[in-house]
file structure_28.cif (mmCIF, C-alpha atoms)
data_model
#
loop_
_atom_site.label_atom_id
_atom_site.label_comp_id
_atom_site.auth_asym_id
_atom_site.auth_seq_id
_atom_site.Cartn_x
_atom_site.Cartn_y
_atom_site.Cartn_z
CA MET A 12 104.17 99.45 -227.70
CA ILE A 13 105.54 96.01 -228.47
CA GLY A 14 103.49 95.64 -231.61
CA ASN A 15 104.43 99.00 -233.14
CA ASP A 16 108.02 99.34 -234.32
CA VAL A 17 107.28 101.37 -237.43
CA GLY A 18 104.91 104.00 -236.18
CA HIS A 19 101.63 102.46 -237.32
CA ARG A 20 99.43 99.48 -236.61
CA LYS A 21 100.17 96.29 -238.44
CA PRO A 22 97.51 95.10 -240.89
CA GLU A 23 95.07 92.49 -239.70
CA VAL A 24 96.23 88.92 -240.05
CA PRO A 25 94.78 87.60 -243.34
CA ALA A 26 92.44 84.64 -243.40
CA PRO A 27 94.32 81.33 -243.39
CA SER A 28 95.20 79.81 -246.73
CA GLY A 29 94.43 76.24 -247.73
CA PRO A 30 97.72 74.82 -246.43
CA GLN A 31 97.35 76.79 -243.21
CA ARG A 32 93.81 75.47 -242.67
CA ALA A 33 95.08 71.94 -243.28
CA LEU A 34 97.88 72.30 -240.74
CA ILE A 35 95.45 73.78 -238.22
CA ALA A 36 93.04 70.85 -238.75
CA ALA A 37 95.81 68.25 -238.48
CA SER A 38 97.29 69.84 -235.35
CA PHE A 39 93.87 70.20 -233.74
CA VAL A 40 93.00 66.54 -234.31
CA SER A 41 96.32 65.26 -232.99
CA ARG A 42 96.13 67.47 -229.91
CA VAL A 43 92.64 66.26 -229.06
CA GLY A 44 94.23 62.81 -229.01
CA ASN A 45 97.06 64.10 -226.82
CA GLY A 46 94.54 65.51 -224.36
CA LEU A 47 92.76 62.16 -224.21
CA PHE A 48 95.98 60.24 -223.59
CA ASN A 49 97.96 62.56 -221.34
CA THR A 50 95.13 62.84 -218.82
CA ALA A 51 94.99 59.09 -218.23
CA ALA A 52 98.44 57.81 -219.23
CA VAL A 53 99.98 57.48 -215.78
CA LEU A 54 96.80 55.89 -214.42
CA TYR A 55 96.82 53.35 -217.24
CA PHE A 56 100.46 52.38 -216.77
CA THR A 57 100.21 52.10 -212.97
CA LEU A 58 96.67 50.77 -212.40
CA VAL A 59 96.11 48.68 -215.52
CA VAL A 60 99.58 47.54 -216.60
CA HIS A 61 100.61 47.46 -212.91
CA LEU A 62 103.98 49.14 -213.36
CA PRO A 63 105.31 50.82 -210.20
CA ALA A 64 105.15 54.60 -210.35
CA ALA A 65 108.93 54.84 -209.98
CA GLN A 66 109.41 52.61 -213.03
CA VAL A 67 106.96 54.68 -215.06
CA GLY A 68 108.84 57.84 -214.13
CA ALA A 69 112.19 56.28 -214.98
CA GLY A 70 110.93 55.01 -218.33
CA LEU A 71 109.47 58.37 -219.27
CA THR A 72 112.70 60.12 -218.26
CA ILE A 73 114.78 57.78 -220.42
CA ALA A 74 112.37 58.28 -223.31
CA GLY A 75 112.37 62.06 -222.92
CA LEU A 76 116.14 62.40 -222.80
CA THR A 77 116.67 60.00 -225.71
CA GLY A 78 114.06 61.82 -227.75
CA LEU A 79 116.20 64.96 -227.67
CA LEU A 80 118.68 63.24 -230.01
CA ALA A 81 116.26 63.36 -232.94
CA GLY A 82 115.83 67.15 -233.14
CA ILE A 83 118.67 68.36 -235.35
CA PRO A 84 118.99 65.20 -237.52
CA ALA A 85 115.26 65.24 -238.26
CA GLY A 86 115.44 68.96 -239.04
CA ASN A 87 118.29 68.36 -241.46
CA LEU A 88 116.27 65.65 -243.20
CA ALA A 89 113.32 68.03 -243.47
CA ASP A 90 115.53 70.72 -245.02
CA ARG A 91 117.09 68.25 -247.44
CA TYR A 92 114.09 66.18 -248.56
CA GLY A 93 111.15 68.42 -247.71
CA PRO A 94 109.39 68.94 -244.37
CA ARG A 95 106.12 67.19 -245.27
CA LYS A 96 107.82 63.82 -245.87
CA VAL A 97 109.55 63.79 -242.50
CA TRP A 98 106.43 65.08 -240.75
CA LEU A 99 104.17 62.40 -242.25
CA ILE A 100 106.61 59.61 -241.43
CA SER A 101 106.87 60.87 -237.85
CA LEU A 102 103.08 60.94 -237.47
CA ALA A 103 102.82 57.41 -238.82
CA VAL A 104 105.42 56.18 -236.34
CA GLN A 105 103.57 57.91 -233.49
CA ALA A 106 100.32 56.23 -234.52
CA VAL A 107 102.03 52.82 -234.37
CA THR A 108 103.87 53.40 -231.10
CA MET A 109 100.77 54.78 -229.42
CA ALA A 110 98.73 51.75 -230.45
CA ALA A 111 101.54 49.52 -229.17
CA PHE A 112 101.02 50.85 -225.64
CA VAL A 113 97.90 48.66 -225.31
CA LEU A 114 100.12 45.58 -225.73
CA ILE A 115 102.90 46.31 -223.23
CA GLN A 116 103.28 44.01 -220.25
CA SER A 117 106.71 44.88 -218.86
CA TRP A 118 108.85 47.87 -217.99
CA ALA A 119 111.35 47.06 -220.75
CA THR A 120 108.74 47.07 -223.52
CA PHE A 121 107.14 50.20 -222.04
CA THR A 122 110.49 52.02 -222.10
CA VAL A 123 111.28 50.94 -225.67
CA VAL A 124 107.86 51.99 -226.98
CA ALA A 125 107.94 55.28 -225.07
CA THR A 126 111.43 56.04 -226.41
CA LEU A 127 110.40 55.39 -230.02
CA ASP A 128 107.36 57.58 -229.46
CA ARG A 129 109.47 60.47 -228.13
CA LEU A 130 111.96 60.19 -230.99
CA ALA A 131 109.08 60.41 -233.46
CA ALA A 132 107.50 63.31 -231.54
CA THR A 133 110.74 65.28 -231.60
CA ALA A 134 111.15 64.64 -235.33
CA SER A 135 107.55 65.68 -235.90
CA GLY A 136 108.16 68.95 -234.04
CA ALA A 137 111.23 69.80 -236.12
CA ALA A 138 109.60 69.00 -239.46
CA GLY A 139 106.31 70.56 -238.37
CA GLY A 140 108.09 73.79 -237.48
CA ALA A 141 109.61 73.90 -240.96
CA LEU A 142 106.16 73.29 -242.45
CA VAL A 143 104.71 76.17 -240.42
CA ALA A 144 107.48 78.43 -241.72
CA ARG A 145 106.70 77.49 -245.33
CA ALA A 146 102.92 77.64 -244.99
CA GLY A 147 103.06 80.85 -242.97
CA GLY A 148 104.57 82.77 -245.88
CA GLU A 149 105.76 86.22 -244.87
CA ARG A 150 104.17 86.02 -241.40
CA PRO A 151 105.00 82.58 -239.95
CA ALA A 152 104.97 83.82 -236.35
CA ALA A 153 101.42 85.18 -236.70
CA PHE A 154 100.31 81.89 -238.23
CA ARG A 155 102.02 79.93 -235.46
CA ALA A 156 100.17 81.99 -232.86
CA ARG A 157 96.84 81.21 -234.52
CA LEU A 158 97.84 77.55 -234.74
CA ARG A 159 98.63 77.44 -231.02
CA THR A 160 95.12 78.72 -230.26
CA PHE A 161 93.63 75.63 -231.89
CA VAL A 162 96.27 73.38 -230.35
CA ASN A 163 95.28 74.60 -226.87
CA LEU A 164 91.61 74.16 -227.69
CA GLY A 165 92.24 70.61 -228.89
CA VAL A 166 94.04 69.69 -225.67
CA VAL A 167 91.18 71.13 -223.60
CA LEU A 168 88.56 69.14 -225.48
CA GLY A 169 90.63 65.98 -225.23
CA THR A 170 91.10 66.47 -221.49
CA VAL A 171 87.35 66.89 -220.99
CA GLY A 172 86.67 63.74 -222.99
CA ALA A 173 89.21 61.77 -220.98
CA ALA A 174 87.38 62.60 -217.76
CA PHE A 175 84.65 60.11 -218.67
CA ALA A 176 87.13 57.27 -219.16
CA VAL A 177 88.94 58.12 -215.95
CA SER A 178 85.68 58.07 -214.03
CA ALA A 179 84.87 54.63 -215.48
CA ASP A 180 88.34 53.41 -214.40
CA THR A 181 88.31 50.21 -216.48
CA ARG A 182 90.85 48.68 -218.82
CA PRO A 183 88.54 49.00 -221.88
CA ALA A 184 88.03 52.70 -221.12
CA TYR A 185 91.77 53.41 -220.88
CA THR A 186 92.44 51.29 -223.96
CA ALA A 187 89.88 53.31 -225.89
CA LEU A 188 91.71 56.53 -224.97
CA ILE A 189 95.05 55.18 -226.16
CA LEU A 190 93.65 53.89 -229.44
CA ALA A 191 91.82 57.17 -229.97
CA ASN A 192 95.13 58.99 -229.62
CA ALA A 193 96.74 56.60 -232.11
CA ALA A 194 93.86 57.27 -234.51
CA SER A 195 94.33 61.02 -234.09
CA PHE A 196 97.91 60.75 -235.40
CA ALA A 197 96.70 58.67 -238.33
CA CYS A 198 93.98 61.22 -239.12
CA ALA A 199 96.47 64.09 -238.89
CA ALA A 200 98.77 62.26 -241.31
CA LEU A 201 95.88 61.68 -243.72
CA ILE A 202 94.98 65.38 -243.64
CA GLY A 203 98.61 66.26 -244.27
CA LEU A 204 98.96 63.78 -247.10
CA THR A 205 95.89 65.05 -248.95
CA ARG A 206 95.80 68.77 -248.15
CA VAL A 207 99.31 70.00 -247.24
CA PRO A 208 101.59 70.75 -250.22
CA ASP A 209 104.80 68.78 -250.59
CA TYR A 210 107.07 71.82 -250.38
CA ARG A 211 110.33 71.41 -252.25
CA PRO A 212 113.57 71.94 -250.33
CA LEU A 213 114.93 75.46 -250.70
CA PRO A 214 118.35 76.02 -252.30
CA ARG A 215 121.12 76.03 -249.74
CA PRO A 216 124.20 78.27 -249.92
CA GLU A 217 127.57 76.61 -250.37
CA GLU A 218 128.65 77.45 -246.83
CA HIS A 219 125.65 75.65 -245.32
CA HIS A 220 126.43 72.55 -243.26
CA ARG A 221 124.39 70.14 -241.18
CA GLY A 222 125.54 71.68 -237.90
CA ALA A 223 125.20 75.33 -238.96
CA VAL A 224 122.75 76.11 -236.18
CA LEU A 225 125.33 75.12 -233.57
CA SER A 226 127.59 77.96 -234.70
CA ASP A 227 124.78 80.56 -234.58
CA ARG A 228 125.51 81.91 -231.12
CA PRO A 229 122.64 84.44 -230.91
CA PHE A 230 120.10 81.76 -231.85
CA LEU A 231 121.69 79.24 -229.47
CA THR A 232 121.53 81.81 -226.67
CA PHE A 233 117.87 82.57 -227.22
CA ALA A 234 117.00 78.88 -227.55
CA ALA A 235 118.65 78.27 -224.18
CA LEU A 236 116.81 81.23 -222.63
CA TYR A 237 113.52 79.95 -224.02
CA GLY A 238 114.18 76.45 -222.72
CA ALA A 239 114.87 77.84 -219.25
CA MET A 240 111.80 80.08 -219.37
CA GLY A 241 109.81 76.95 -220.23
CA LEU A 242 109.78 76.12 -216.52
CA GLN A 243 106.82 78.48 -216.36
CA TYR A 244 104.57 75.90 -218.04
CA GLN A 245 105.04 73.38 -215.25
CA THR A 246 104.74 76.13 -212.67
CA VAL A 247 101.00 76.03 -213.41
CA SER A 248 100.59 72.37 -214.33
CA LEU A 249 102.77 70.83 -211.59
CA LEU A 250 104.08 73.24 -208.95
CA LEU A 251 100.92 75.22 -208.18
CA PRO A 252 98.65 72.14 -207.81
CA ILE A 253 101.11 70.59 -205.35
CA TRP A 254 101.36 73.89 -203.45
CA LEU A 255 97.58 74.29 -203.27
CA SER A 256 97.12 70.72 -202.06
CA ALA A 257 99.95 70.65 -199.51
CA ARG A 258 100.24 74.22 -198.24
CA THR A 259 96.71 75.67 -198.42
CA ASP A 260 93.18 74.82 -197.32
CA ALA A 261 91.75 75.72 -200.72
CA PRO A 262 88.98 73.42 -201.99
CA ARG A 263 90.21 70.63 -204.28
CA TRP A 264 88.25 72.06 -207.21
CA THR A 265 90.68 74.99 -207.20
CA VAL A 266 93.22 72.88 -209.12
CA ALA A 267 90.69 72.23 -211.89
CA ALA A 268 89.78 75.91 -211.92
CA VAL A 269 93.36 77.08 -212.48
CA TYR A 270 93.78 74.59 -215.33
CA ALA A 271 90.61 75.91 -216.97
CA VAL A 272 91.62 79.54 -216.53
CA ASN A 273 95.09 78.93 -217.93
CA SER A 274 93.71 77.20 -221.01
CA GLY A 275 90.98 79.79 -221.50
CA VAL A 276 93.31 82.79 -221.38
CA CYS A 277 95.70 81.16 -223.86
CA VAL A 278 92.92 80.20 -226.27
CA LEU A 279 91.37 83.67 -226.18
CA LEU A 280 94.50 85.81 -226.41
CA GLN A 281 97.20 83.83 -228.23
CA SER A 282 96.20 84.77 -231.77
CA ARG A 283 95.41 88.40 -230.90
CA ILE A 284 98.70 89.03 -229.11
CA GLY A 285 100.78 86.80 -231.39
CA SER A 286 99.79 88.81 -234.45
CA ARG A 287 101.48 91.84 -232.86
CA VAL A 288 104.80 90.07 -232.20
CA GLU A 289 106.48 89.12 -235.46
CA THR A 290 109.94 90.69 -235.77
CA PRO A 291 112.94 89.70 -233.62
CA ARG A 292 112.92 93.11 -231.97
CA GLN A 293 109.26 92.73 -231.01
CA GLY A 294 110.01 89.22 -229.81
CA GLY A 295 112.76 90.45 -227.50
CA ARG A 296 110.42 93.00 -225.93
CA ALA A 297 107.65 90.43 -225.57
CA PHE A 298 110.07 88.08 -223.81
CA ARG A 299 110.98 90.83 -221.35
CA LEU A 300 107.31 91.59 -220.66
CA ALA A 301 106.64 87.89 -220.06
CA GLY A 302 109.39 87.76 -217.44
CA LEU A 303 107.90 90.76 -215.64
CA LEU A 304 104.44 89.18 -215.59
CA PHE A 305 105.91 85.99 -214.12
CA LEU A 306 107.68 88.14 -211.52
CA VAL A 307 104.21 89.27 -210.41
CA SER A 308 102.42 85.92 -210.69
CA CYS A 309 104.86 83.81 -208.69
CA PRO A 310 104.55 85.78 -205.40
CA LEU A 311 100.77 85.81 -205.86
CA MET A 312 100.81 82.02 -206.07
CA ALA A 313 102.92 81.85 -202.91
CA LEU A 314 100.45 84.09 -201.07
CA THR A 315 97.66 81.52 -201.49
CA ALA A 316 99.15 79.78 -198.43
CA ASP A 317 98.69 82.92 -196.30
CA VAL A 318 95.02 83.74 -196.90
CA PRO A 319 91.79 82.15 -195.65
CA SER A 320 90.53 79.07 -197.50
CA TRP A 321 87.64 81.00 -199.03
CA THR A 322 90.06 83.60 -200.47
CA ALA A 323 92.70 81.20 -201.77
CA PRO A 324 90.77 80.11 -204.90
CA ALA A 325 90.21 83.70 -206.00
CA LEU A 326 93.86 84.60 -205.41
CA ALA A 327 94.99 81.47 -207.28
CA VAL A 328 92.79 82.36 -210.24
CA LEU A 329 94.13 85.94 -210.25
CA ALA A 330 97.71 84.66 -210.16
CA VAL A 331 97.05 82.24 -213.01
CA CYS A 332 95.42 84.97 -215.09
CA VAL A 333 98.59 87.08 -214.78
CA HIS A 334 100.78 84.05 -215.39
CA SER A 335 98.77 82.97 -218.45
CA LEU A 336 99.09 86.43 -219.95
CA GLY A 337 102.83 86.09 -219.49
CA GLU A 338 102.70 82.66 -221.14
CA VAL A 339 101.03 84.15 -224.21
CA TRP A 340 103.69 86.87 -224.51
CA GLU A 341 106.47 84.33 -223.91
CA SER A 342 105.23 81.91 -226.58
CA SER A 343 104.73 84.80 -229.00
CA ALA A 344 108.34 85.83 -228.42
CA GLY A 345 109.41 82.26 -229.13
CA PHE A 346 107.54 82.24 -232.44
CA ALA A 347 108.97 85.61 -233.53
CA LEU A 348 112.58 84.82 -232.69
CA GLY A 349 112.46 81.08 -233.36
CA PHE A 350 111.25 81.63 -236.91
CA GLY A 351 112.64 85.11 -237.51
CA LEU A 352 116.25 84.21 -236.77
CA ALA A 353 116.27 80.99 -238.79
CA PRO A 354 117.40 81.03 -242.45
CA ASP A 355 114.63 79.95 -244.80
CA HIS A 356 116.68 77.05 -246.16
CA ALA A 357 117.42 75.68 -242.66
CA GLN A 358 114.13 76.08 -240.81
CA GLY A 359 114.00 72.37 -240.04
CA GLN A 360 117.45 72.33 -238.46
CA TYR A 361 116.77 75.49 -236.44
CA GLN A 362 113.32 74.37 -235.28
CA GLY A 363 114.84 71.03 -234.33
CA LEU A 364 117.37 72.66 -232.03
CA PHE A 365 114.74 75.03 -230.65
CA GLY A 366 112.55 72.08 -229.76
CA VAL A 367 115.46 70.23 -228.16
CA CYS A 368 116.20 73.17 -225.85
CA PHE A 369 112.55 73.48 -224.88
CA ASP A 370 112.16 69.74 -224.24
CA ALA A 371 115.35 69.69 -222.17
CA GLY A 372 113.91 72.42 -219.96
CA GLN A 373 110.68 70.48 -219.58
CA ALA A 374 112.59 67.34 -218.62
CA LEU A 375 114.46 69.20 -215.86
CA ALA A 376 111.49 71.24 -214.65
CA PRO A 377 109.94 68.69 -212.24
CA VAL A 378 113.21 68.21 -210.35
CA ILE A 379 113.96 71.93 -210.17
CA LEU A 380 110.48 73.04 -209.19
CA THR A 381 109.70 70.34 -206.64
CA THR A 382 113.08 70.46 -204.88
CA ALA A 383 114.29 74.04 -205.10
CA VAL A 384 111.01 75.94 -205.03
CA LEU A 385 108.92 73.72 -202.78
CA GLY A 386 111.92 73.12 -200.54
CA LEU A 387 112.42 76.85 -199.98
CA GLY A 388 108.74 77.67 -199.65
CA HIS A 389 107.87 81.35 -200.08
CA ALA A 390 111.49 82.26 -200.75
CA GLY A 391 111.55 79.67 -203.53
CA TRP A 392 108.59 81.32 -205.24
CA LEU A 393 110.27 84.73 -205.02
CA LEU A 394 113.49 83.35 -206.47
CA LEU A 395 111.54 81.67 -209.26
CA GLY A 396 109.85 84.95 -210.19
CA ALA A 397 113.21 86.76 -210.14
CA PHE A 398 114.71 84.02 -212.30
CA PHE A 399 111.98 84.46 -214.92
CA ALA A 400 112.40 88.25 -214.85
CA ALA A 401 116.17 87.94 -215.35
CA LEU A 402 115.65 85.62 -218.33
CA GLY A 403 113.13 88.03 -219.80
CA ALA A 404 115.46 90.99 -219.37
CA ALA A 405 117.96 89.22 -221.64
CA GLY A 406 115.43 89.10 -224.49
CA PRO A 407 115.95 92.58 -226.04
CA PRO A 408 119.78 92.52 -226.01
CA VAL A 409 119.86 89.00 -227.46
CA ALA A 410 117.43 90.04 -230.20
CA ALA A 411 119.58 93.10 -230.97
CA TRP A 412 122.70 90.91 -231.04
CA ALA A 413 121.01 88.52 -233.47
CA GLU A 414 119.94 91.36 -235.76
CA ARG A 415 123.47 92.81 -235.79
CA SER A 416 125.01 89.44 -236.62
CA ARG A 417 122.61 88.90 -239.49
CA ARG A 418 123.11 92.42 -240.83
CA THR A 419 126.88 91.88 -240.74
CA GLY A 420 126.42 88.57 -242.57
CA ARG A 421 124.38 90.24 -245.29
CA ASP A 422 126.98 92.99 -245.65
CA ARG A 423 129.73 90.42 -246.06
CA ALA A 424 127.66 88.51 -248.60
CA GLY A 425 127.08 91.72 -250.53
CA ALA A 426 130.80 92.47 -250.58
CA THR A 427 131.59 88.93 -251.73
CA ASP A 428 129.09 89.23 -254.58
CA GLY A 429 130.61 92.50 -255.74
CA ARG A 430 127.80 94.60 -254.27
CA PRO A 431 128.26 97.39 -251.75
CA GLY A 432 127.36 96.53 -248.18
CA GLU A 433 124.69 99.21 -248.13
CA ALA A 434 122.72 97.26 -250.70
CA ALA A 435 122.01 94.49 -248.22
CA VAL A 436 118.35 93.75 -247.52
CA PRO A 437 117.15 96.19 -244.86
CA ASP A 438 116.36 94.82 -241.44
CA PRO A 439 112.62 94.10 -241.21
CA ALA A 440 112.48 95.38 -237.66
#
call {"tool": "encode", "arguments": {"input": "structure_28.cif", "output": "structure tokens"}}
result
Amino acid sequence: MIGNDVGHRKPEVPAPSGPQRALIAASFVSRVGNGLFNTAAVLYFTLVVHLPAAQVGAGLTIAGLTGLLAGIPAGNLADRYGPRKVWLISLAVQAVTMAAFVLIQSWATFTVVATLDRLAATASGAAGGALVARAGGERPAAFRARLRTFVNLGVVLGTVGAAFAVSADTRPAYTALILANAASFACAALIGLTRVPDYRPLPRPEEHHRGAVLSDRPFLTFAALYGAMGLQYQTVSLLLPIWLSARTDAPRWTVAAVYAVNSGVCVLLQSRIGSRVETPRQGGRAFRLAGLLFLVSCPLMALTADVPSWTAPALAVLAVCVHSLGEVWESSAGFALGFGLAPDHAQGQYQGLFGVCFDAGQALAPVILTTAVLGLGHAGWLLLGAFFAALGAAGPPVAAWAERSRRTGRDRAGATDGRPGEAAVPDPA
């Protein structure tokens, strides 16, 4: 079993501490705001601000790619001055940039504001990851899995709330959503300021440097694998809805149903499964299992075009159930390896790079999925499933490589300090 490397069941995840509860509350509030905004953002920019859809897409692409530049620098700042400071500043900037969206009147101002917002979001992710590592104590991956449960729930609630504004379809309604999202960042910052400890930076070894993560080849390899596997998120949110609408006779409510099922499975299972995937070795196995589940789900999604209209919704829901289970295992693997391979003193830098790789994959996903997969039809779905399975198969050997490199590093450190190599800290896996 993936969750049993030592011959017995792991203890139950302890109740969250005060800092953990504060981070959960702050993340939940901000993600409710994200759900409100993301649901109606494109409609606001195109129907209210009257920007052409192509300009909106170009502006968001520029913002997304520019935002990648903030990952490692923000992580370094978090490691040097403390993660809470960088996180709070990033949330404050996001509150301001989000509120500024109600004032934009041109593509240039839209692009500038969106770019500043993405830079702040990337910085927030790097510093927030370091905060999770500190607040999570000895089990940061288990805490991150619990946190993601509430993050998913927040997005769902925000999306439901946004439906009312979208149905009203007025400028005041859309403006209210945007300002509510801005307020959610401000509230999250207030919770962080009053209830999250200002963790001091950890001592850094003399050999540490600001680009250390770039020389950690095992971590770089897994971050790249995880970024590529991230295409699976938009398989459900983008590719499947287009496929159902264009290639099947399934009722239009099927798209809403698959969204609901995906969110529900993740909310219900993320914490339970995530608590069983904490060491790098467990993470590698979980990553492999995720790839196999995607190998099953992708052909099932393709088959929705080959069944009667009354069967297509049921098959789509089944496919999304399998895919969502894979998503939970994949994200759990990311938590275990993303945190487990990062040195304590450089969590910000490592989480910054990890986020950059993931965001890069998300930026490329629409082009890859809509051209390669939709263009090839059924064969594209089969290739996509095989691609995910191949990425997953690389998980265990990469995890083993990372463990060997860290064990060798500890042995060398022990020899340098005048201690025998055998006295190095034993591998937790």
call {"tool": "atom_distance", "arguments": {"input": "structure_28.cif", "atom1": "CA of Val247 in chain A", "atom2": "CA of Gly406 in chain A"}}
result
22.4 Å
call {"tool": "closest_residue", "arguments": {"input": "structure_28.cif", "among": "A:Phe305, A:Tyr270, A:Phe365, A:Trp340", "to": "Val328 in chain A", "atoms": "all atoms listed in the file"}}
result
A:Tyr270
call {"tool": "residues_around", "arguments": {"input": "structure_28.cif", "residues": "range 146-159 of chain A", "least_positions_apart": "5", "cutoff": "6 Å", "atoms": "all atoms listed in the file", "output": "VMD selection string"}}
result
chain A and resid 31 35 281 to 282 285 to 286 289 346 to 347
call {"tool": "atom_distance", "arguments": {"input": "structure_28.cif", "atom1": "CA of Phe48 in chain A", "atom2": "CA of Arg32 in chain A"}}
result
24.5 Å
call {"tool": "closest_residue", "arguments": {"input": "structure_28.cif", "among": "A:Thr160, A:Ser178, A:Thr57, A:Gln293", "to": "Phe121 in chain A", "atoms": "all atoms listed in the file"}}
result
A:Thr57
call {"tool": "axis_aligned_box", "arguments": {"input": "structure_28.cif", "around": "range 319-331 of chain A", "padding_each_side": "6 Å", "output": "lines of an AutoDock Vina configuration file"}}
result
center_x = 92.7
center_y = 82.5
center_z = -204.3
size_x = 22.1
size_y = 18.9
size_z = 29.4
call {"tool": "atom_distance", "arguments": {"input": "structure_28.cif", "atom1": "CA of Val384 in chain A", "atom2": "CA of Ala401 in chain A"}}
result
16.6 Å
call {"tool": "closest_residue", "arguments": {"input": "structure_28.cif", "among": "A:Cys309, A:Val333, A:Val367, A:Val59", "to": "Ala134 in chain A", "atoms": "all atoms listed in the file"}}
result
A:Val367
call {"tool": "closest_residue", "arguments": {"input": "structure_28.cif", "among": "A:Cys368, A:Met109, A:Val307, A:Val331", "to": "Leu394 in chain A", "atoms": "only C-alpha atoms"}}
result
A:Val307
call {"tool": "residues_around", "arguments": {"input": "structure_28.cif", "residues": "Phe112 in chain A", "least_positions_apart": "4", "cutoff": "12 Å", "atoms": "all atoms listed in the file", "output": "MDAnalysis selection string"}}
result
chainID A and resid 48 52:53 55:56 59:60 105:108 116:118 120:128 185:193
call {"tool": "build_atoms", "arguments": {"input": "structure_28.cif", "residues": "range 244-255 of chain A", "atoms": "N, CA and C atoms", "output": "PDB file, in the frame of the given file"}}
result
ATOM      1  N   TYR A 244     105.707  76.745-217.702  1.00  0.00           N
ATOM      2  CA  TYR A 244     104.570  75.900-218.040  1.00  0.00           C
ATOM      3  C   TYR A 244     104.252  74.945-216.894  1.00  0.00           C
ATOM      4  N   GLN A 245     105.275  74.317-216.333  1.00  0.00           N
ATOM      5  CA  GLN A 245     105.040  73.380-215.250  1.00  0.00           C
ATOM      6  C   GLN A 245     104.864  74.068-213.904  1.00  0.00           C
ATOM      7  N   THR A 246     105.092  75.372-213.876  1.00  0.00           N
ATOM      8  CA  THR A 246     104.740  76.130-212.670  1.00  0.00           C
ATOM      9  C   THR A 246     103.241  76.050-212.430  1.00  0.00           C
ATOM     10  N   VAL A 247     102.463  76.114-213.521  1.00  0.00           N
ATOM     11  CA  VAL A 247     101.000  76.030-213.410  1.00  0.00           C
ATOM     12  C   VAL A 247     100.526  74.584-213.369  1.00  0.00           C
ATOM     13  N   SER A 248     101.104  73.735-214.209  1.00  0.00           N
ATOM     14  CA  SER A 248     100.590  72.370-214.330  1.00  0.00           C
ATOM     15  C   SER A 248     101.069  71.435-213.228  1.00  0.00           C
ATOM     16  N   LEU A 249     102.210  71.721-212.600  1.00  0.00           N
ATOM     17  CA  LEU A 249     102.770  70.830-211.590  1.00  0.00           C
ATOM     18  C   LEU A 249     102.954  71.507-210.237  1.00  0.00           C
ATOM     19  N   LEU A 250     103.693  72.628-210.216  1.00  0.00           N
ATOM     20  CA  LEU A 250     104.080  73.240-208.950  1.00  0.00           C
ATOM     21  C   LEU A 250     102.886  73.810-208.191  1.00  0.00           C
ATOM     22  N   LEU A 251     102.056  74.593-208.868  1.00  0.00           N
ATOM     23  CA  LEU A 251     100.920  75.220-208.180  1.00  0.00           C
ATOM     24  C   LEU A 251      99.928  74.192-207.636  1.00  0.00           C
ATOM     25  N   PRO A 252      99.554  73.149-208.390  1.00  0.00           N
ATOM     26  CA  PRO A 252      98.650  72.140-207.810  1.00  0.00           C
ATOM     27  C   PRO A 252      99.209  71.494-206.545  1.00  0.00           C
ATOM     28  N   ILE A 253     100.512  71.184-206.553  1.00  0.00           N
ATOM     29  CA  ILE A 253     101.110  70.590-205.350  1.00  0.00           C
ATOM     30  C   ILE A 253     101.061  71.591-204.188  1.00  0.00           C
ATOM     31  N   TRP A 254     101.369  72.839-204.479  1.00  0.00           N
ATOM     32  CA  TRP A 254     101.360  73.890-203.450  1.00  0.00           C
ATOM     33  C   TRP A 254      99.951  74.060-202.867  1.00  0.00           C
ATOM     34  N   LEU A 255      98.954  74.112-203.740  1.00  0.00           N
ATOM     35  CA  LEU A 255      97.580  74.290-203.270  1.00  0.00           C
ATOM     36  C   LEU A 255      97.127  73.111-202.415  1.00  0.00           C
TER      37      LEU A 255
END
